[in-house]
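Enquirer: Please find one structure pasted underneath; my questions will follow.
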Amino acid sequence: MDGITSSADRTRAIALGTPTGFLAFGLGSGLSPYAPGTVGTVAALLPALFLVQLPLWIGLLLVGLAFVVGIHLCQVTGNALGVHDHGGMVWDEFVGVWLVLLFMPFNWAWWLAAFVVFRLFDILKPWPIRWLDRKVPGGFGVMLDDLLAGVYTLVCLLPLLHFSGG
């Protein structure tokens, strides 16, 4: 990392130059200068195309594994950047939206609804998400708020799915 002059250069070097940074930054999608969380959530849709084809129990197992791995990724990357929850670290968005999509029908309308509702909960952080985001340190804290945003999204969308017959 010698010769890196700016914070942006350092962030880019960590995000693209280390395996943990590359994953924590959502395969580089978190480097977007505009709305990195939203761009990261869009990037998460491509791997989700494969994830949702698996039996639900395997999908849940993989999302759980991705959550645990994400704790490490975000802890190591946050430490390297000197920022607890850098906005470009979007692995947590990947995991949160994957959780939601496992339960949604495989069609554009439900995926769009999942995307929009998940982003709203992730941005607005209703209680206790915002409180936990501020109080729970490290990689676990980074991952937890988006997992809860996913759970809140499911609480909203699953009844609609049930009553719509979707």
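Identifiers for the structure tokens are assigned positionally: chains receive A, B, ... in sequence, residues are indexed from 1 per chain, and ligands are indexed from 1 in the order shown.
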Which residues, written as a ChimeraX atom specification, have at least one atom at most 12 Å from Gly82 in chain A, with only C-alpha atoms counted and residues fewer than 4 positions away on the same chain left out?
Expert: /A:7,10-11,14,74-78,86,138
Enquirer: Those residues you just picked out, can you put them in a file as a PDB file, in the first residue's frame with N, CA, C and O atoms?
Expert:
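selection_15.pdb, freshly written:
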ATOM      1  N   SER A   7      -7.288   8.902   0.565  1.00  0.00           N
ATOM      2  CA  SER A   7      -8.181   7.942   1.205  1.00  0.00           C
ATOM      3  C   SER A   7      -8.925   7.117   0.154  1.00  0.00           C
ATOM      4  O   SER A   7      -9.106   5.915   0.313  1.00  0.00           O
ATOM      5  N   ARG A  10      -6.586   4.547  -1.221  1.00  0.00           N
ATOM      6  CA  ARG A  10      -6.404   3.473  -0.230  1.00  0.00           C
ATOM      7  C   ARG A  10      -7.625   2.560  -0.215  1.00  0.00           C
ATOM      8  O   ARG A  10      -7.483   1.331  -0.191  1.00  0.00           O
ATOM      9  N   THR A  11      -8.805   3.137  -0.228  1.00  0.00           N
ATOM     10  CA  THR A  11     -10.035   2.342  -0.246  1.00  0.00           C
ATOM     11  C   THR A  11     -10.078   1.452  -1.479  1.00  0.00           C
ATOM     12  O   THR A  11     -10.368   0.259  -1.391  1.00  0.00           O
ATOM     13  N   ILE A  14      -7.631  -1.469  -1.209  1.00  0.00           N
ATOM     14  CA  ILE A  14      -8.110  -2.523  -0.307  1.00  0.00           C
ATOM     15  C   ILE A  14      -9.278  -3.268  -0.945  1.00  0.00           C
ATOM     16  O   ILE A  14      -9.347  -4.497  -0.904  1.00  0.00           O
ATOM     17  N   CYS A  74     -16.066  -8.068   6.913  1.00  0.00           N
ATOM     18  CA  CYS A  74     -16.309  -6.669   7.281  1.00  0.00           C
ATOM     19  C   CYS A  74     -15.424  -6.235   8.442  1.00  0.00           C
ATOM     20  O   CYS A  74     -15.008  -5.073   8.494  1.00  0.00           O
ATOM     21  N   GLN A  75     -15.111  -7.144   9.344  1.00  0.00           N
ATOM     22  CA  GLN A  75     -14.200  -6.812  10.449  1.00  0.00           C
ATOM     23  C   GLN A  75     -12.803  -6.508   9.908  1.00  0.00           C
ATOM     24  O   GLN A  75     -12.218  -5.474  10.226  1.00  0.00           O
ATOM     25  N   VAL A  76     -12.278  -7.407   9.081  1.00  0.00           N
ATOM     26  CA  VAL A  76     -10.925  -7.247   8.544  1.00  0.00           C
ATOM     27  C   VAL A  76     -10.846  -6.010   7.648  1.00  0.00           C
ATOM     28  O   VAL A  76      -9.913  -5.204   7.758  1.00  0.00           O
ATOM     29  N   THR A  77     -11.829  -5.844   6.779  1.00  0.00           N
ATOM     30  CA  THR A  77     -11.805  -4.710   5.851  1.00  0.00           C
ATOM     31  C   THR A  77     -12.011  -3.394   6.591  1.00  0.00           C
ATOM     32  O   THR A  77     -11.328  -2.407   6.311  1.00  0.00           O
ATOM     33  N   GLY A  78     -12.943  -3.373   7.539  1.00  0.00           N
ATOM     34  CA  GLY A  78     -13.149  -2.176   8.347  1.00  0.00           C
ATOM     35  C   GLY A  78     -11.886  -1.787   9.106  1.00  0.00           C
ATOM     36  O   GLY A  78     -11.525  -0.609   9.164  1.00  0.00           O
ATOM     37  N   HIS A  86     -17.761   1.110   6.728  1.00  0.00           N
ATOM     38  CA  HIS A  86     -17.556   1.918   5.522  1.00  0.00           C
ATOM     39  C   HIS A  86     -18.739   1.708   4.581  1.00  0.00           C
ATOM     40  O   HIS A  86     -19.195   0.577   4.375  1.00  0.00           O
ATOM     41  N   GLY A 138     -17.989  -3.979  15.398  1.00  0.00           N
ATOM     42  CA  GLY A 138     -17.282  -4.934  14.556  1.00  0.00           C
ATOM     43  C   GLY A 138     -18.086  -5.466  13.387  1.00  0.00           C
ATOM     44  O   GLY A 138     -19.147  -4.953  13.031  1.00  0.00           O
TER      45      GLY A 138
END
Enquirer: Please identify which residues in chain A DSSP calls alpha helix (DSSP H) from the backbone, and express them as JSON, numbers by chain.
Expert: {"A": [7, 8, 9, 10, 11, 12, 13, 14, 15, 16, 17, 19, 20, 21, 22, 23, 24, 36, 37, 38, 39, 40, 41, 42, 43, 44, 45, 46, 47, 48, 49, 50, 51, 56, 57, 58, 59, 60, 61, 62, 63, 64, 65, 66, 67, 68, 69, 70, 71, 72, 73, 74, 75, 76, 77, 78, 79, 80, 81, 91, 92, 93, 94, 95, 96, 97, 98, 99, 100, 101, 108, 109, 110, 111, 112, 113, 114, 115, 116, 117, 118, 119, 120, 121, 122, 123, 124, 129, 130, 131, 132, 133, 134, 135, 138, 139, 140, 141, 142, 143, 144, 145, 146, 147, 148, 149, 150, 151, 152, 153, 154, 155, 156, 157, 158, 159, 160, 161, 162, 163, 164]}
Enquirer: When distances are computed from only C-alpha atoms, which of A:Val52, A:Leu45, A:Ala114, A:Leu148 shows the smallest separation from Arg130 in chain A?
Expert: A:Leu148
Enquirer: Which is closer to Glu93 in chain A than all the others in A:Leu60, A:Ala13, A:Ala149, A:Ile71, using only C-alpha atoms?
Expert: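 Among the listed residues, A:Ala149 lies closest to Glu93 in chain A.
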Enquirer: I'd like a table as a tab-separated table: residues in range 28-131 of chain A with an atom no more than 12 Å from range 139-144 of chain A, each row giving the shortest atom pair and its distance in Å to one decimal, only C-alpha atoms counted, sorted by chain and rising residue number.
Expert:
residue	atom	partner	partner_atom	distance
A:Val63	CA	A:Met143	CA	11.8
A:Gly64	CA	A:Met143	CA	11.1
A:Ala66	CA	A:Met143	CA	9.9
A:Phe67	CA	A:Met143	CA	6.8
A:Val68	CA	A:Phe140	CA	8.3
A:Val69	CA	A:Gly139	CA	9.5
A:Gly70	CA	A:Met143	CA	6.7
A:Ile71	CA	A:Gly139	CA	4.2
A:His72	CA	A:Gly139	CA	6.1
A:Leu73	CA	A:Gly139	CA	7.2
A:Cys74	CA	A:Gly139	CA	4.8
A:Gln75	CA	A:Gly139	CA	4.2
A:Val76	CA	A:Gly139	CA	7.9
A:Thr77	CA	A:Gly139	CA	8.9
A:Gly78	CA	A:Gly139	CA	7.8
A:Asn79	CA	A:Gly139	CA	9.5
A:Val83	CA	A:Gly139	CA	11.0
A:His84	CA	A:Val142	CA	7.8
A:Asp85	CA	A:Val142	CA	6.0
A:His86	CA	A:Val142	CA	9.1
A:Gly87	CA	A:Val142	CA	10.2
A:Gly88	CA	A:Val142	CA	11.6
A:Met89	CA	A:Val142	CA	8.8
A:Val90	CA	A:Met143	CA	9.3
A:Trp91	CA	A:Met143	CA	7.9
A:Asp92	CA	A:Met143	CA	5.0
A:Glu93	CA	A:Met143	CA	8.3
A:Phe94	CA	A:Met143	CA	9.9
A:Val95	CA	A:Met143	CA	8.1
A:Gly96	CA	A:Met143	CA	8.4
A:Val97	CA	A:Met143	CA	11.9
A:Asp122	CA	A:Leu144	CA	10.9
A:Lys125	CA	A:Leu144	CA	11.5
A:Pro128	CA	A:Leu144	CA	10.9
A:Ile129	CA	A:Leu144	CA	8.2
A:Arg130	CA	A:Leu144	CA	10.4
A:Trp131	CA	A:Gly141	CA	10.4
Enquirer: Any chance you could export the current selection's N, CA, C and O atoms as a compact mmCIF listing (two decimals), in the first residue's frame?
Expert:
# COMPACT_ATOMS: atom_id res chain seq x y z
N VAL A 63 -26.84 -18.78 2.94
CA VAL A 63 -26.99 -17.40 3.44
C VAL A 63 -26.43 -17.31 4.85
O VAL A 63 -25.75 -16.33 5.19
N GLY A 64 -26.68 -18.31 5.68
CA GLY A 64 -26.09 -18.32 7.03
C GLY A 64 -24.57 -18.34 6.98
O GLY A 64 -23.91 -17.61 7.73
N ALA A 66 -22.75 -17.24 4.46
CA ALA A 66 -22.34 -15.93 3.93
C ALA A 66 -22.39 -14.87 5.04
O ALA A 66 -21.56 -13.96 5.07
N PHE A 67 -23.35 -14.99 5.95
CA PHE A 67 -23.44 -14.07 7.08
C PHE A 67 -22.21 -14.21 7.98
O PHE A 67 -21.56 -13.22 8.33
N VAL A 68 -21.87 -15.46 8.33
CA VAL A 68 -20.73 -15.71 9.20
C VAL A 68 -19.43 -15.26 8.53
O VAL A 68 -18.59 -14.59 9.15
N VAL A 69 -19.27 -15.59 7.26
CA VAL A 69 -18.08 -15.14 6.51
C VAL A 69 -18.05 -13.62 6.45
O VAL A 69 -17.00 -12.99 6.59
N GLY A 70 -19.23 -13.01 6.28
CA GLY A 70 -19.32 -11.56 6.21
C GLY A 70 -18.85 -10.86 7.48
O GLY A 70 -18.30 -9.76 7.42
N ILE A 71 -19.07 -11.48 8.63
CA ILE A 71 -18.59 -10.91 9.88
C ILE A 71 -17.07 -10.73 9.80
O ILE A 71 -16.54 -9.66 10.10
N HIS A 72 -16.40 -11.76 9.34
CA HIS A 72 -14.94 -11.70 9.20
C HIS A 72 -14.53 -10.69 8.12
O HIS A 72 -13.64 -9.87 8.34
N LEU A 73 -15.18 -10.77 6.96
CA LEU A 73 -14.83 -9.86 5.86
C LEU A 73 -14.94 -8.41 6.27
O LEU A 73 -14.05 -7.60 6.00
N CYS A 74 -16.07 -8.07 6.91
CA CYS A 74 -16.31 -6.67 7.28
C CYS A 74 -15.42 -6.24 8.44
O CYS A 74 -15.01 -5.07 8.49
N GLN A 75 -15.11 -7.14 9.34
CA GLN A 75 -14.20 -6.81 10.45
C GLN A 75 -12.80 -6.51 9.91
O GLN A 75 -12.22 -5.47 10.23
N VAL A 76 -12.28 -7.41 9.08
CA VAL A 76 -10.92 -7.25 8.54
C VAL A 76 -10.85 -6.01 7.65
O VAL A 76 -9.91 -5.20 7.76
N THR A 77 -11.83 -5.84 6.78
CA THR A 77 -11.80 -4.71 5.85
C THR A 77 -12.01 -3.39 6.59
O THR A 77 -11.33 -2.41 6.31
N GLY A 78 -12.94 -3.37 7.54
CA GLY A 78 -13.15 -2.18 8.35
C GLY A 78 -11.89 -1.79 9.11
O GLY A 78 -11.53 -0.61 9.16
N ASN A 79 -11.21 -2.78 9.67
CA ASN A 79 -9.94 -2.50 10.38
C ASN A 79 -8.90 -1.94 9.42
O ASN A 79 -8.19 -0.99 9.75
N VAL A 83 -12.32 2.29 9.42
CA VAL A 83 -13.72 2.73 9.48
C VAL A 83 -14.57 1.52 9.85
O VAL A 83 -14.53 0.50 9.14
N HIS A 84 -15.35 1.63 10.91
CA HIS A 84 -16.15 0.50 11.38
C HIS A 84 -17.09 -0.04 10.31
O HIS A 84 -17.10 -1.23 10.03
N ASP A 85 -17.89 0.82 9.70
CA ASP A 85 -18.89 0.38 8.72
C ASP A 85 -18.80 1.29 7.50
O ASP A 85 -19.66 2.13 7.26
N HIS A 86 -17.76 1.11 6.73
CA HIS A 86 -17.56 1.92 5.52
C HIS A 86 -18.74 1.71 4.58
O HIS A 86 -19.20 0.58 4.38
N GLY A 87 -19.25 2.79 4.00
CA GLY A 87 -20.40 2.72 3.12
C GLY A 87 -20.21 1.83 1.90
O GLY A 87 -21.18 1.33 1.33
N GLY A 88 -18.97 1.61 1.51
CA GLY A 88 -18.69 0.77 0.36
C GLY A 88 -18.69 -0.71 0.66
O GLY A 88 -18.72 -1.54 -0.25
N MET A 89 -18.65 -1.07 1.93
CA MET A 89 -18.73 -2.48 2.28
C MET A 89 -20.18 -2.91 2.15
O MET A 89 -21.03 -2.52 2.95
N VAL A 90 -20.47 -3.69 1.12
CA VAL A 90 -21.86 -4.03 0.80
C VAL A 90 -22.14 -5.54 0.87
O VAL A 90 -23.20 -5.97 0.45
N TRP A 91 -21.20 -6.31 1.41
CA TRP A 91 -21.48 -7.74 1.57
C TRP A 91 -22.73 -7.94 2.43
O TRP A 91 -23.50 -8.87 2.22
N ASP A 92 -22.95 -7.04 3.38
CA ASP A 92 -24.13 -7.13 4.23
C ASP A 92 -25.42 -6.94 3.41
O ASP A 92 -26.41 -7.61 3.67
N GLU A 93 -25.39 -6.08 2.40
CA GLU A 93 -26.54 -5.94 1.50
C GLU A 93 -26.75 -7.23 0.71
O GLU A 93 -27.89 -7.65 0.50
N PHE A 94 -25.67 -7.83 0.25
CA PHE A 94 -25.78 -9.10 -0.47
C PHE A 94 -26.55 -10.11 0.37
O PHE A 94 -27.53 -10.70 -0.07
N VAL A 95 -26.09 -10.30 1.59
CA VAL A 95 -26.67 -11.32 2.46
C VAL A 95 -28.12 -10.99 2.81
O VAL A 95 -29.00 -11.86 2.78
N GLY A 96 -28.39 -9.73 3.13
CA GLY A 96 -29.76 -9.34 3.49
C GLY A 96 -30.75 -9.55 2.36
O GLY A 96 -31.83 -10.11 2.57
N VAL A 97 -30.40 -9.16 1.16
CA VAL A 97 -31.34 -9.32 0.05
C VAL A 97 -31.43 -10.78 -0.39
O VAL A 97 -32.48 -11.25 -0.82
N ASP A 122 -33.27 -0.80 4.84
CA ASP A 122 -31.83 -0.62 5.05
C ASP A 122 -31.47 0.86 5.19
O ASP A 122 -30.61 1.22 5.99
N LYS A 125 -33.69 2.28 8.53
CA LYS A 125 -33.26 1.62 9.76
C LYS A 125 -34.23 1.85 10.92
O LYS A 125 -33.88 2.45 11.95
N PRO A 128 -35.46 -1.76 16.01
CA PRO A 128 -34.20 -1.48 16.69
C PRO A 128 -32.97 -1.51 15.76
O PRO A 128 -31.84 -1.54 16.23
N ILE A 129 -33.19 -1.49 14.45
CA ILE A 129 -32.06 -1.62 13.53
C ILE A 129 -31.05 -0.50 13.73
O ILE A 129 -29.85 -0.75 13.85
N ARG A 130 -31.50 0.75 13.76
CA ARG A 130 -30.57 1.87 13.92
C ARG A 130 -29.83 1.79 15.26
O ARG A 130 -28.64 2.02 15.34
N TRP A 131 -30.56 1.43 16.31
CA TRP A 131 -29.95 1.31 17.63
C TRP A 131 -28.86 0.24 17.61
O TRP A 131 -27.75 0.46 18.11
Enquirer: Closest to Leu49 in chain A among A:Leu65, A:Leu160, A:Ile123, A:Leu102, using only C-alpha atoms?
Expert: A:Leu102
Enquirer: Ranking A:Thr18, A:Leu51, A:Arg119, A:Ser6 by minimum distance to Pro36 in chain A and counting only C-alpha atoms, which one comes first?
Expert: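 Using only C-alpha atoms, the shortest distance to Pro36 in chain A belongs to A:Arg119.
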Enquirer: Quick one: distance from CA of Gly30 in chain A to CA of Leu147 in chain A in Å, one decimal?
Expert: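 That distance, rounded to one decimal, is 17.6 Å.
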Enquirer: Grab the CA of Leu101 in chain A to CA of Leu31 in chain A distance for me, in Å with one decimal place.
Expert: 23.7 Å
Enquirer: When distances are computed from only C-alpha atoms, which of A:Gly28, A:Gly150, A:Pro137, A:Pro105 shows the smallest separation from Val117 in chain A?
Expert: A:Gly150
